[in-house]
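Here's target-v7.txt, which has compact mmCIF, C-alpha atoms:
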```txt
# COMPACT_ATOMS: atom_id res chain seq x y z
CA MET A 266 7.14 -2.38 14.24
CA PHE A 267 6.29 -4.45 11.21
CA SER A 268 9.19 -6.78 11.47
CA SER A 269 8.36 -7.77 15.00
CA SER A 270 4.78 -8.63 14.11
CA GLN A 271 6.06 -10.50 11.07
CA PHE A 272 8.42 -12.81 12.79
CA GLU A 273 7.00 -13.38 16.20
CA PRO A 274 4.49 -15.91 14.89
CA ASN A 275 7.39 -18.29 14.30
CA SER A 276 7.37 -19.01 17.97
CA ALA A 277 3.69 -19.80 17.70
CA PHE A 278 4.42 -22.45 15.09
CA SER A 279 6.86 -24.32 17.23
CA GLY A 280 4.65 -24.09 20.30
CA GLY A 281 2.12 -26.77 21.13
CA GLY A 282 -1.46 -26.79 19.97
CA PHE A 283 -0.87 -26.64 16.23
CA MET A 284 -0.18 -30.23 15.59
CA SER A 285 -2.37 -30.22 12.52
CA SER A 286 0.10 -28.20 10.50
CA GLN A 287 3.17 -30.25 11.31
CA PRO A 288 2.19 -33.68 9.97
CA SER A 289 0.64 -32.26 6.82
CA GLN A 290 3.79 -30.35 6.00
CA ALA A 291 5.93 -33.41 6.50
CA TYR A 292 3.64 -35.40 4.28
CA GLU A 293 3.58 -32.81 1.56
CA SER A 294 7.30 -32.34 1.40
CA SER A 295 7.93 -36.04 1.04
CA SER A 296 5.37 -36.47 -1.70
CA SER A 297 5.75 -33.21 -3.58
CA THR A 298 7.26 -32.98 -7.01
CA ALA A 299 9.97 -30.56 -7.91
CA LYS A 300 7.40 -28.46 -9.71
CA ASN A 301 5.45 -27.62 -6.58
CA ARG A 302 7.81 -25.48 -4.61
CA GLU A 303 7.19 -25.53 -0.92
CA PHE A 304 6.88 -22.36 1.01
CA GLN A 305 6.84 -22.96 4.72
CA GLY A 306 6.78 -19.39 5.91
CA LEU A 307 3.87 -17.04 6.23
CA VAL A 308 2.60 -15.96 2.86
CA PRO A 309 0.93 -12.56 2.61
CA VAL A 310 -2.30 -12.93 0.62
CA THR A 311 -5.65 -11.31 -0.05
CA VAL A 312 -8.96 -13.14 0.40
CA LYS A 313 -9.49 -12.85 -3.35
CA GLN A 314 -6.31 -14.84 -4.00
CA ILE A 315 -7.43 -17.58 -1.62
CA THR A 316 -10.84 -17.82 -3.28
CA GLU A 317 -9.31 -18.04 -6.73
CA CYS A 318 -6.83 -20.72 -5.92
CA PHE A 319 -9.59 -22.79 -4.33
CA GLN A 320 -11.62 -22.47 -7.48
CA SER A 321 -8.70 -23.52 -9.63
CA SER A 322 -7.32 -26.30 -7.46
CA GLY A 323 -10.69 -27.73 -6.46
CA GLU A 324 -11.24 -29.15 -3.02
CA LYS A 325 -7.75 -30.56 -2.67
CA SER A 326 -6.13 -29.98 0.66
CA GLY A 327 -3.06 -28.34 -0.83
CA LEU A 328 -3.51 -24.70 -1.61
CA VAL A 329 -1.43 -23.47 -4.50
CA ILE A 330 -0.73 -19.89 -5.53
CA ASN A 331 1.74 -19.40 -8.37
CA GLY A 332 2.87 -22.99 -8.09
CA ILE A 333 3.74 -22.56 -4.44
CA SER A 334 1.75 -24.59 -1.99
CA LEU A 335 0.68 -22.63 1.00
CA THR A 336 0.17 -23.75 4.51
CA ASN A 337 0.29 -20.60 6.56
CA VAL A 338 -0.98 -17.24 5.46
CA SER A 339 -1.00 -13.69 6.76
CA LEU A 340 -3.90 -11.30 6.19
CA VAL A 341 -4.86 -7.80 7.24
CA GLY A 342 -8.44 -6.65 7.53
CA LEU A 343 -11.41 -5.61 9.61
CA VAL A 344 -12.95 -7.94 12.16
CA CYS A 345 -16.69 -8.40 11.96
CA ASP A 346 -19.34 -10.73 13.39
CA LYS A 347 -17.19 -11.71 16.34
CA ASP A 348 -18.83 -14.65 18.08
CA VAL A 349 -17.79 -15.63 21.60
CA SER A 350 -20.74 -17.89 22.37
CA LYS A 351 -18.47 -20.91 22.76
CA VAL A 352 -15.98 -21.20 25.60
CA THR A 353 -13.23 -22.95 23.69
CA GLU A 354 -13.22 -20.89 20.52
CA VAL A 355 -13.76 -17.40 19.13
CA ARG A 356 -15.15 -17.11 15.64
CA PHE A 357 -15.10 -14.01 13.49
CA THR A 358 -15.17 -12.92 9.88
CA LEU A 359 -12.21 -11.06 8.44
CA ASP A 360 -13.01 -8.51 5.74
CA ASP A 361 -9.89 -7.36 3.88
CA GLY A 362 -11.70 -5.31 1.24
CA THR A 363 -11.21 -7.98 -1.43
CA GLY A 364 -13.53 -10.44 0.30
CA ARG A 365 -14.49 -12.07 3.58
CA ILE A 366 -13.20 -15.23 5.19
CA ASP A 367 -14.37 -17.13 8.26
CA CYS A 368 -11.81 -17.38 11.01
CA LYS A 369 -11.63 -19.50 14.11
CA ARG A 370 -9.31 -19.05 17.06
CA TRP A 371 -9.06 -21.84 19.62
CA VAL A 372 -8.98 -20.47 23.13
CA ASN A 373 -6.88 -22.81 25.22
CA GLU A 374 -4.81 -20.57 27.42
CA THR A 375 -5.46 -17.30 29.16
CA PHE A 376 -3.04 -15.77 26.65
CA ASP A 377 -5.41 -16.64 23.81
CA ALA A 378 -8.38 -15.26 25.70
CA ARG A 379 -6.55 -12.05 26.48
CA GLU A 380 -5.44 -11.56 22.89
CA MET A 381 -9.00 -12.02 21.64
CA GLU A 382 -10.45 -9.61 24.20
CA SER A 383 -8.69 -6.65 22.59
CA VAL A 384 -10.24 -7.52 19.24
CA ARG A 385 -13.70 -6.12 18.54
CA ASP A 386 -15.91 -5.71 15.53
CA GLY A 387 -14.43 -2.94 13.40
CA THR A 388 -10.86 -3.44 14.62
CA TYR A 389 -8.12 -3.59 11.99
CA VAL A 390 -6.01 -6.66 12.69
CA ARG A 391 -3.18 -8.70 11.28
CA VAL A 392 -4.12 -12.33 11.33
CA ASN A 393 -1.76 -15.27 10.89
CA GLY A 394 -3.31 -18.64 10.37
CA HIS A 395 -3.59 -21.97 8.70
CA LEU A 396 -6.01 -22.57 5.84
CA LYS A 397 -8.35 -25.52 6.21
CA THR A 398 -11.19 -26.83 4.15
CA PHE A 399 -13.76 -28.65 6.22
CA GLN A 400 -17.04 -29.99 4.80
CA GLY A 401 -16.60 -27.83 1.74
CA LYS A 402 -16.12 -24.64 3.69
CA THR A 403 -12.84 -22.82 3.83
CA GLN A 404 -11.78 -21.61 7.19
CA LEU A 405 -8.76 -19.90 8.59
CA LEU A 406 -7.53 -21.48 11.82
CA VAL A 407 -5.92 -18.48 13.37
CA PHE A 408 -2.97 -18.57 15.73
CA SER A 409 -2.40 -14.89 16.14
CA VAL A 410 -4.67 -11.87 15.96
CA ARG A 411 -3.05 -8.52 16.59
CA PRO A 412 -4.70 -5.13 16.36
CA ILE A 413 -2.88 -2.81 13.97
CA MET A 414 -1.31 0.15 15.70
CA ASP A 415 0.50 1.83 12.80
CA PHE A 416 -1.77 1.92 9.79
CA ASN A 417 1.11 2.03 7.33
CA GLU A 418 1.03 -1.70 7.96
CA VAL A 419 -2.23 -1.85 6.00
CA THR A 420 -0.54 -0.34 2.94
CA PHE A 421 2.50 -2.50 3.57
CA HIS A 422 0.48 -5.71 3.66
CA TYR A 423 -1.09 -5.19 0.25
CA ILE A 424 2.23 -4.13 -1.26
CA GLU A 425 3.75 -7.26 0.23
CA CYS A 426 0.98 -9.35 -1.37
CA ILE A 427 1.84 -7.80 -4.74
CA HIS A 428 5.55 -8.30 -4.12
CA PHE A 429 5.19 -11.94 -3.19
CA TYR A 430 2.93 -12.56 -6.15
CA SER A 431 5.18 -10.91 -8.70
CA GLN A 432 8.34 -12.47 -7.29
CA ASN A 433 6.87 -15.91 -7.72
CA SER A 434 5.37 -15.53 -11.15
CA GLU A 435 8.79 -15.95 -12.73
CA SER A 436 7.68 -18.42 -15.38
CA GLN A 437 5.36 -15.75 -16.75
CA GLY A 438 8.17 -13.26 -16.37
CA GLN A 439 10.43 -15.25 -18.64
CA GLN A 440 7.87 -15.28 -21.38
CA VAL A 441 7.37 -11.58 -21.11
CA GLY A 442 11.11 -11.08 -21.20
CA ASP A 443 11.42 -12.95 -24.47
CA VAL A 444 8.69 -10.93 -26.07
CA THR A 445 10.26 -7.72 -24.84
CA GLN A 446 13.54 -8.59 -26.47
CA SER A 447 12.06 -9.40 -29.81
CA VAL A 448 9.88 -6.31 -29.82
CA ASN A 449 12.80 -4.14 -28.80
CA THR A 450 15.04 -5.34 -31.55
CA THR A 451 12.43 -4.91 -34.22
CA PHE A 452 11.68 -1.48 -32.96
CA GLN A 453 15.25 -0.33 -32.91
CA GLY A 454 16.10 -1.97 -36.20
CA GLY A 455 13.13 -0.78 -38.20
CA SER A 456 13.07 2.65 -39.75
CA ASN A 457 10.03 4.93 -39.59
CA THR A 458 8.71 3.99 -42.96
CA ASN A 459 9.23 0.27 -42.71
CA GLN A 460 7.73 -0.90 -39.42
CA PRO A 461 6.87 -4.46 -38.41
CA THR A 462 3.31 -5.21 -39.43
CA PRO A 463 1.41 -5.44 -36.13
CA LEU A 464 2.32 -1.93 -35.10
CA ASN A 465 1.21 0.11 -38.06
CA PRO A 466 -2.47 -0.50 -38.97
CA VAL A 467 -3.70 1.25 -35.85
CA VAL A 468 -1.93 4.42 -36.80
CA SER A 469 -3.08 4.72 -40.37
CA SER A 470 -6.72 3.89 -39.66
CA GLN A 471 -6.97 6.45 -36.90
CA ASN A 472 -5.07 9.29 -38.47
CA ASN A 473 -7.70 10.10 -41.06
CA ASP A 474 -10.56 11.55 -39.01
CA GLY A 475 -8.52 14.51 -37.77
CA ASN A 476 -10.49 15.11 -34.61
CA GLY A 477 -7.75 16.68 -32.50
CA ARG A 478 -7.21 15.51 -28.95
CA LYS A 479 -9.95 12.94 -28.53
CA ASN A 480 -8.45 11.11 -31.44
CA LEU A 481 -4.96 11.22 -29.99
CA ASP A 482 -6.34 9.71 -26.80
CA ASP A 483 -7.60 6.73 -28.72
CA MET A 484 -4.47 6.41 -30.78
CA ILE A 485 -2.30 6.18 -27.69
CA LEU A 486 -4.68 3.75 -26.03
CA ASP A 487 -4.93 1.57 -29.11
CA TYR A 488 -1.19 1.53 -29.45
CA LEU A 489 -0.68 0.53 -25.83
CA LYS A 490 -3.45 -2.09 -26.03
CA GLN A 491 -1.62 -4.10 -28.69
CA PRO A 492 -0.51 -7.48 -27.36
CA ALA A 493 3.07 -6.73 -28.32
CA CYS A 494 2.95 -3.69 -26.06
CA THR A 495 0.97 -5.13 -23.16
CA ALA A 496 3.42 -8.02 -23.01
CA ARG A 497 6.28 -5.69 -22.27
CA GLN A 498 6.57 -5.55 -18.55
CA GLN A 499 8.44 -2.27 -18.35
CA GLY A 500 5.85 -0.42 -20.47
CA ILE A 501 6.33 1.73 -23.53
CA HIS A 502 8.56 4.78 -23.60
CA ILE A 503 6.86 8.02 -24.57
CA ASP A 504 9.48 8.56 -27.30
CA GLU A 505 8.45 5.30 -28.88
CA ILE A 506 4.79 6.30 -28.83
CA ALA A 507 5.69 9.61 -30.41
CA GLN A 508 7.74 7.95 -33.11
CA GLN A 509 5.18 5.26 -33.85
CA LEU A 510 2.20 7.60 -33.98
CA LYS A 511 4.24 10.29 -35.77
CA VAL A 512 3.12 12.89 -33.27
CA PRO A 513 5.47 15.43 -31.67
CA LYS A 514 6.43 14.44 -28.14
CA ASN A 515 5.37 17.74 -26.59
CA LYS A 516 1.88 17.23 -27.99
CA LEU A 517 1.76 13.75 -26.50
CA GLU A 518 2.79 14.70 -23.00
CA GLY A 519 -0.40 16.53 -22.07
CA VAL A 520 -2.61 13.77 -23.43
CA VAL A 521 -0.60 11.07 -21.69
CA GLN A 522 -0.92 13.01 -18.45
CA SER A 523 -4.69 13.26 -18.74
CA LEU A 524 -4.98 9.56 -19.63
CA GLU A 525 -2.93 8.77 -16.56
CA GLY A 526 -5.11 11.04 -14.47
CA ASP A 527 -8.19 9.22 -15.73
CA GLY A 528 -6.64 5.94 -14.69
CA LEU A 529 -6.59 4.57 -18.25
CA ILE A 530 -2.83 4.20 -18.39
CA TYR A 531 -0.15 4.20 -15.73
CA SER A 532 3.54 4.95 -15.57
CA THR A 533 5.79 1.99 -14.91
CA ILE A 534 9.53 1.97 -14.24
CA ASP A 535 9.85 5.75 -14.52
CA GLU A 536 7.75 8.73 -15.56
CA TYR A 537 8.40 8.10 -19.27
CA HIS A 538 7.23 4.49 -19.56
CA PHE A 539 3.53 3.74 -19.73
CA LYS A 540 1.21 0.78 -19.80
CA HIS A 541 -2.45 0.43 -20.55
CA VAL A 542 -4.70 -0.41 -17.56
CA GLU A 543 -6.25 -3.77 -18.28
CA LEU A 544 -9.84 -4.13 -17.14
CA MET B 680 -15.63 -17.07 1.73
CA ASP B 681 -17.38 -14.29 -0.05
CA THR B 682 -15.83 -11.96 -2.60
CA SER B 683 -19.09 -10.57 -3.96
CA SER B 684 -18.70 -7.03 -2.68
CA PRO B 685 -15.08 -5.97 -2.74
CA ALA B 686 -14.06 -2.41 -1.94
CA ALA B 687 -11.69 -0.96 -4.54
CA PHE B 688 -8.70 1.08 -3.42
CA VAL B 689 -9.15 4.58 -4.80
CA ASN B 690 -7.50 7.96 -4.84
CA GLY B 691 -9.18 11.07 -6.20
CA ALA B 692 -8.52 10.26 -9.84
CA LEU B 693 -9.68 6.66 -9.61
CA LEU B 694 -12.90 7.44 -7.73
CA ARG B 695 -14.84 8.32 -10.91
CA ARG B 696 -14.34 4.80 -12.23
CA TYR B 697 -16.36 3.32 -9.39
CA ILE B 698 -19.43 5.53 -9.14
CA GLY B 699 -22.22 3.47 -7.60
CA GLN B 700 -19.75 0.86 -6.33
CA LYS B 701 -17.98 0.13 -3.09
CA VAL B 702 -14.65 1.87 -2.57
CA ARG B 703 -12.08 2.47 0.14
CA ALA B 704 -9.95 5.56 0.40
CA VAL B 705 -7.62 7.21 2.87
CA ILE B 706 -8.53 10.85 3.38
CA GLN B 707 -6.64 13.62 5.08
CA VAL B 708 -9.27 15.50 7.06
CA ILE B 709 -9.52 19.22 6.34
CA ARG B 710 -12.69 19.94 8.28
CA SER B 711 -15.73 18.16 9.69
CA ASP B 712 -19.23 19.48 9.17
CA ILE B 713 -22.48 17.98 10.36
CA GLY B 714 -23.12 14.90 8.30
CA SER B 715 -19.98 15.19 6.20
CA VAL B 716 -16.22 15.50 6.28
CA ILE B 717 -14.21 17.51 3.78
CA GLY B 718 -10.82 16.05 3.08
CA LYS B 719 -8.01 15.51 0.68
CA SER B 720 -7.43 12.27 -1.19
CA THR B 721 -3.94 10.76 -1.35
CA ASP B 722 -3.44 12.42 -4.75
CA ASP B 723 -4.44 15.83 -3.37
CA GLN B 724 -7.97 16.10 -4.67
CA GLN B 725 -10.79 17.41 -2.54
CA ILE B 726 -13.21 14.72 -1.45
CA VAL B 727 -16.50 15.05 0.43
CA VAL B 728 -17.29 12.11 2.66
CA LYS B 729 -20.92 11.87 3.72
CA GLY B 730 -22.00 10.17 6.90
CA SER B 731 -21.40 10.67 10.58
CA PRO B 732 -18.17 9.38 12.03
CA ASN B 733 -17.54 8.91 15.73
CA PRO B 734 -15.35 11.76 16.87
CA PRO B 735 -12.54 12.40 17.47
CA LEU B 736 -11.04 11.92 14.02
CA THR B 737 -7.30 11.69 13.47
CA THR B 738 -5.54 13.53 10.64
CA TYR B 739 -5.87 10.55 8.34
CA ILE B 740 -8.98 8.42 8.15
CA GLU B 741 -9.95 5.48 6.02
CA VAL B 742 -13.48 5.39 4.74
CA ILE B 743 -15.25 2.46 3.12
CA GLY B 744 -18.48 3.16 1.33
CA ILE B 745 -20.20 3.83 -1.94
CA ALA B 746 -18.79 6.27 -4.49
CA GLU B 747 -21.64 8.70 -5.18
CA THR B 748 -20.02 11.15 -7.54
CA GLU B 749 -16.50 11.74 -8.75
CA ASN B 750 -15.72 13.54 -5.51
CA THR B 751 -18.16 12.21 -2.91
CA ILE B 752 -18.22 8.98 -0.97
CA ARG B 753 -21.08 7.89 1.26
CA ALA B 754 -19.15 6.18 4.02
CA GLU B 755 -20.32 3.20 6.03
CA VAL B 756 -17.11 2.38 7.86
CA TRP B 757 -14.74 4.96 9.31
CA THR B 758 -11.36 4.04 10.72
CA ASN B 759 -8.86 6.42 12.27
CA PHE B 760 -5.50 5.90 10.56
CA GLY B 761 -3.55 8.15 12.93
CA ASP B 762 -1.69 11.39 12.45
CA SER B 763 1.37 10.07 10.67
CA PHE B 764 0.43 8.05 7.64
CA ASP B 765 2.35 7.82 4.40
CA ALA B 766 -0.23 9.01 1.88
CA GLN B 767 2.20 8.73 -1.01
CA ASN B 768 2.75 5.02 -0.47
CA TYR B 769 -0.98 4.49 -0.26
CA ASN B 770 -1.44 6.44 -3.47
CA GLU B 771 1.03 4.20 -5.29
CA LEU B 772 -0.80 1.17 -3.91
CA CYS B 773 -4.06 2.54 -5.34
CA LYS B 774 -2.47 2.70 -8.77
CA LEU B 775 -1.04 -0.81 -8.57
CA ALA B 776 -4.29 -2.25 -7.24
CA ASN B 777 -6.17 -0.77 -10.18
CA GLY B 778 -3.57 -1.54 -12.79
CA GLU B 779 -1.26 -4.45 -13.29
CA PHE B 780 -2.28 -6.29 -10.11
CA ARG B 781 -5.99 -5.57 -10.17
CA HIS B 782 -6.81 -9.28 -10.24
CA LEU B 783 -5.37 -9.74 -6.76
CA PHE B 784 -7.90 -7.29 -5.36
CA ILE B 785 -11.16 -7.06 -7.28
```
What's the structure tokens form of this structure?
Amino acid sequence: MFSSSQFEPNSAFSGGGFMSSQPSQAYESSSSTAKNREFQGLVPVTVKQITECFQSSGEKSGLVINGISLTNVSLVGLVCDKDVSKVTEVRFTLDDGTGRIDCKRWVNETFDAREMESVRDGTYVRVNGHLKTFQGKTQLLVFSVRPIMDFNEVTFHYIECIHFYSQNSESQGQQVGDVTQSVNTTFQGGSNTNQPTPLNPVVSSQNNDGNGRKNLDDMILDYLKQPACTARQQGIHIDEIAQQLKVPKNKLEGVVQSLEGDGLIYSTIDEYHFKHVEL
Amino acid sequence: MDTSSPAAFVNGALLRRYIGQKVRAVIQVIRSDIGSVIGKSTDDQQIVVKGSPNPPLTTYIEVIGIAETENTIRAEVWTNFGDSFDAQNYNELCKLANGEFRHLFI
């Protein structure tokens, strides 16, 4: 069900009526540098991402997320303020929970009119469209609006946004990888008594006021908050926390669970690796 | 564009972090009373949703509204999410959207 709604819009691209996107793409690809990778397909995004990249890239026509210039985007959200006062266009606002964006659908053919009839205020839809800035206002020129029938697609869309984002932040990933390696080697190489400097002060300063569990909470959090730990993408293994804080693992497990329940830390690659939730 | 009032994805455990703020949650309906719905969050905690939805409700509903306490939401928008919805996936999304990838959402 998802895949059909994902790929059908391709036919809409090649069809008439969207001339605006074709010339701009041709222009961009001829003038772009190797640094700005082109992505011609539909990019799943949230409204928040669009807002942020407009703030960072200014009013330039090219929209860039993670170094990839976007032309066509796919969003999922609730329709509101649908306005059919004009014959040739339908305007509405799409609210995807991260923000709202103005959308415009040209109504040329009966097909367009029919598709827009099924869309009302409060309907969950998947929208595919082309981002345009006109007189300082960002607008989504929409070429397909489809009501969502299976609501797993809502979950799917946001996961896809995360996936696309993390897949394309590889330059950051490399950095993190390097840090991970260096931290790992120092950790494995060092003995308990002779640890690399950044990791120890937290432990000794906190150990003194022996205030049971509350204190352990903070110790774990402080440990995970260290830059050396936050930089490690796969998180910190519970054994490492136990070794570093010199606390038995079985004592840690309950505390880690309650921290996770409180949403202060989260498990990463498996149930033993944890990261601090950055606010 | 307006990102001034985002709705945070929450499960039962995350709800307490957003008291007084706008949240969105998928709830499995246990029973409907007058003026409220009792349900289960995607991490199996009991949630009371205040407000009056338009019946009939499906097994899963999404509510968007203000978090009043650590287990009540005053809902403004109700959407039927059908009878077969993968709550576990949604629950994992809640964690991601409040953790590592929070900046994509709120």
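With all atoms listed in the file as the basis for measurement, A:Tyr423 is the residue among A:Trp371, A:Phe376, A:Tyr423, A:Tyr537 that approaches chain B most closely.
Going from CA of Gln700 (chain B) to CA of Asn759 (chain B) covers 22.3 Å.
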Point-to-point distance in Å for CA of Phe688 (chain B) and CA of Gly528 (chain A): 12.4 Å
Test item: chain B residues at most 10 Å from chain A, counting only C-alpha atoms, as JSON, numbers by chain: {"B": [680, 681, 682, 683, 684, 685, 686, 687, 688, 691, 692, 693, 694, 695, 696, 701, 702, 703, 722, 739, 740, 741, 743, 756, 757, 758, 759, 760, 761, 762, 763, 764, 765, 766, 768, 769, 770, 771, 772, 773, 774, 775, 776, 777, 778, 779, 780, 781, 782, 783, 784, 785]}
Please save C-alpha atoms of the selected residues as a PDB file, in the coordinates of the input.
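Result saved to out-v1.pdb:
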```pdb
ATOM      1  CA  MET B 680     -15.630 -17.070   1.730  1.00  0.00           C
ATOM      2  CA  ASP B 681     -17.380 -14.290  -0.050  1.00  0.00           C
ATOM      3  CA  THR B 682     -15.830 -11.960  -2.600  1.00  0.00           C
ATOM      4  CA  SER B 683     -19.090 -10.570  -3.960  1.00  0.00           C
ATOM      5  CA  SER B 684     -18.700  -7.030  -2.680  1.00  0.00           C
ATOM      6  CA  PRO B 685     -15.080  -5.970  -2.740  1.00  0.00           C
ATOM      7  CA  ALA B 686     -14.060  -2.410  -1.940  1.00  0.00           C
ATOM      8  CA  ALA B 687     -11.690  -0.960  -4.540  1.00  0.00           C
ATOM      9  CA  PHE B 688      -8.700   1.080  -3.420  1.00  0.00           C
ATOM     10  CA  GLY B 691      -9.180  11.070  -6.200  1.00  0.00           C
ATOM     11  CA  ALA B 692      -8.520  10.260  -9.840  1.00  0.00           C
ATOM     12  CA  LEU B 693      -9.680   6.660  -9.610  1.00  0.00           C
ATOM     13  CA  LEU B 694     -12.900   7.440  -7.730  1.00  0.00           C
ATOM     14  CA  ARG B 695     -14.840   8.320 -10.910  1.00  0.00           C
ATOM     15  CA  ARG B 696     -14.340   4.800 -12.230  1.00  0.00           C
ATOM     16  CA  LYS B 701     -17.980   0.130  -3.090  1.00  0.00           C
ATOM     17  CA  VAL B 702     -14.650   1.870  -2.570  1.00  0.00           C
ATOM     18  CA  ARG B 703     -12.080   2.470   0.140  1.00  0.00           C
ATOM     19  CA  ASP B 722      -3.440  12.420  -4.750  1.00  0.00           C
ATOM     20  CA  TYR B 739      -5.870  10.550   8.340  1.00  0.00           C
ATOM     21  CA  ILE B 740      -8.980   8.420   8.150  1.00  0.00           C
ATOM     22  CA  GLU B 741      -9.950   5.480   6.020  1.00  0.00           C
ATOM     23  CA  ILE B 743     -15.250   2.460   3.120  1.00  0.00           C
ATOM     24  CA  VAL B 756     -17.110   2.380   7.860  1.00  0.00           C
ATOM     25  CA  TRP B 757     -14.740   4.960   9.310  1.00  0.00           C
ATOM     26  CA  THR B 758     -11.360   4.040  10.720  1.00  0.00           C
ATOM     27  CA  ASN B 759      -8.860   6.420  12.270  1.00  0.00           C
ATOM     28  CA  PHE B 760      -5.500   5.900  10.560  1.00  0.00           C
ATOM     29  CA  GLY B 761      -3.550   8.150  12.930  1.00  0.00           C
ATOM     30  CA  ASP B 762      -1.690  11.390  12.450  1.00  0.00           C
ATOM     31  CA  SER B 763       1.370  10.070  10.670  1.00  0.00           C
ATOM     32  CA  PHE B 764       0.430   8.050   7.640  1.00  0.00           C
ATOM     33  CA  ASP B 765       2.350   7.820   4.400  1.00  0.00           C
ATOM     34  CA  ALA B 766      -0.230   9.010   1.880  1.00  0.00           C
ATOM     35  CA  ASN B 768       2.750   5.020  -0.470  1.00  0.00           C
ATOM     36  CA  TYR B 769      -0.980   4.490  -0.260  1.00  0.00           C
ATOM     37  CA  ASN B 770      -1.440   6.440  -3.470  1.00  0.00           C
ATOM     38  CA  GLU B 771       1.030   4.200  -5.290  1.00  0.00           C
ATOM     39  CA  LEU B 772      -0.800   1.170  -3.910  1.00  0.00           C
ATOM     40  CA  CYS B 773      -4.060   2.540  -5.340  1.00  0.00           C
ATOM     41  CA  LYS B 774      -2.470   2.700  -8.770  1.00  0.00           C
ATOM     42  CA  LEU B 775      -1.040  -0.810  -8.570  1.00  0.00           C
ATOM     43  CA  ALA B 776      -4.290  -2.250  -7.240  1.00  0.00           C
ATOM     44  CA  ASN B 777      -6.170  -0.770 -10.180  1.00  0.00           C
ATOM     45  CA  GLY B 778      -3.570  -1.540 -12.790  1.00  0.00           C
ATOM     46  CA  GLU B 779      -1.260  -4.450 -13.290  1.00  0.00           C
ATOM     47  CA  PHE B 780      -2.280  -6.290 -10.110  1.00  0.00           C
ATOM     48  CA  ARG B 781      -5.990  -5.570 -10.170  1.00  0.00           C
ATOM     49  CA  HIS B 782      -6.810  -9.280 -10.240  1.00  0.00           C
ATOM     50  CA  LEU B 783      -5.370  -9.740  -6.760  1.00  0.00           C
ATOM     51  CA  PHE B 784      -7.900  -7.290  -5.360  1.00  0.00           C
ATOM     52  CA  ILE B 785     -11.160  -7.060  -7.280  1.00  0.00           C
TER      53      ILE B 785
END
```
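Atom to atom, CA of Arg753 (chain B) and CA of Arg385 (chain A) stand 23.4 Å apart.
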Return as AutoDock Vina command-line options the centre and edge lengths, in Å with one decimal, of the box along x, y and z that encloses every atom of region 416-428 of chain A in the file, padded by 8 Å per side.
```
--center_x 1.7 --center_y -3.7 --center_z 2.5 --size_x 23.8 --size_y 27.4 --size_z 30.5
```
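Those residues that approach Ser711 (chain B) to within 12 Å, counting all atoms listed in the file, are Gln707, Ser715, Val716, Ile717, Gly718, Ile726, Val727, Val728, Lys729, Gly730, Ser731, Pro732, Asn733, Pro734, Pro735, Leu736, Thr737, Thr738 and Ile740 of chain B; same-chain residues fewer than 4 positions away are not listed.
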Between A:Ser339, A:Leu406, A:Lys347, A:Glu380, single out the one closest to Asn393 (chain A), counting all atoms listed in the file. A:Ser339
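Closest approach to Pro513 (chain A) from the set A:Asp535, A:Leu481, A:Val372, A:Val338 is made by A:Leu481, with distances taken over only C-alpha atoms.
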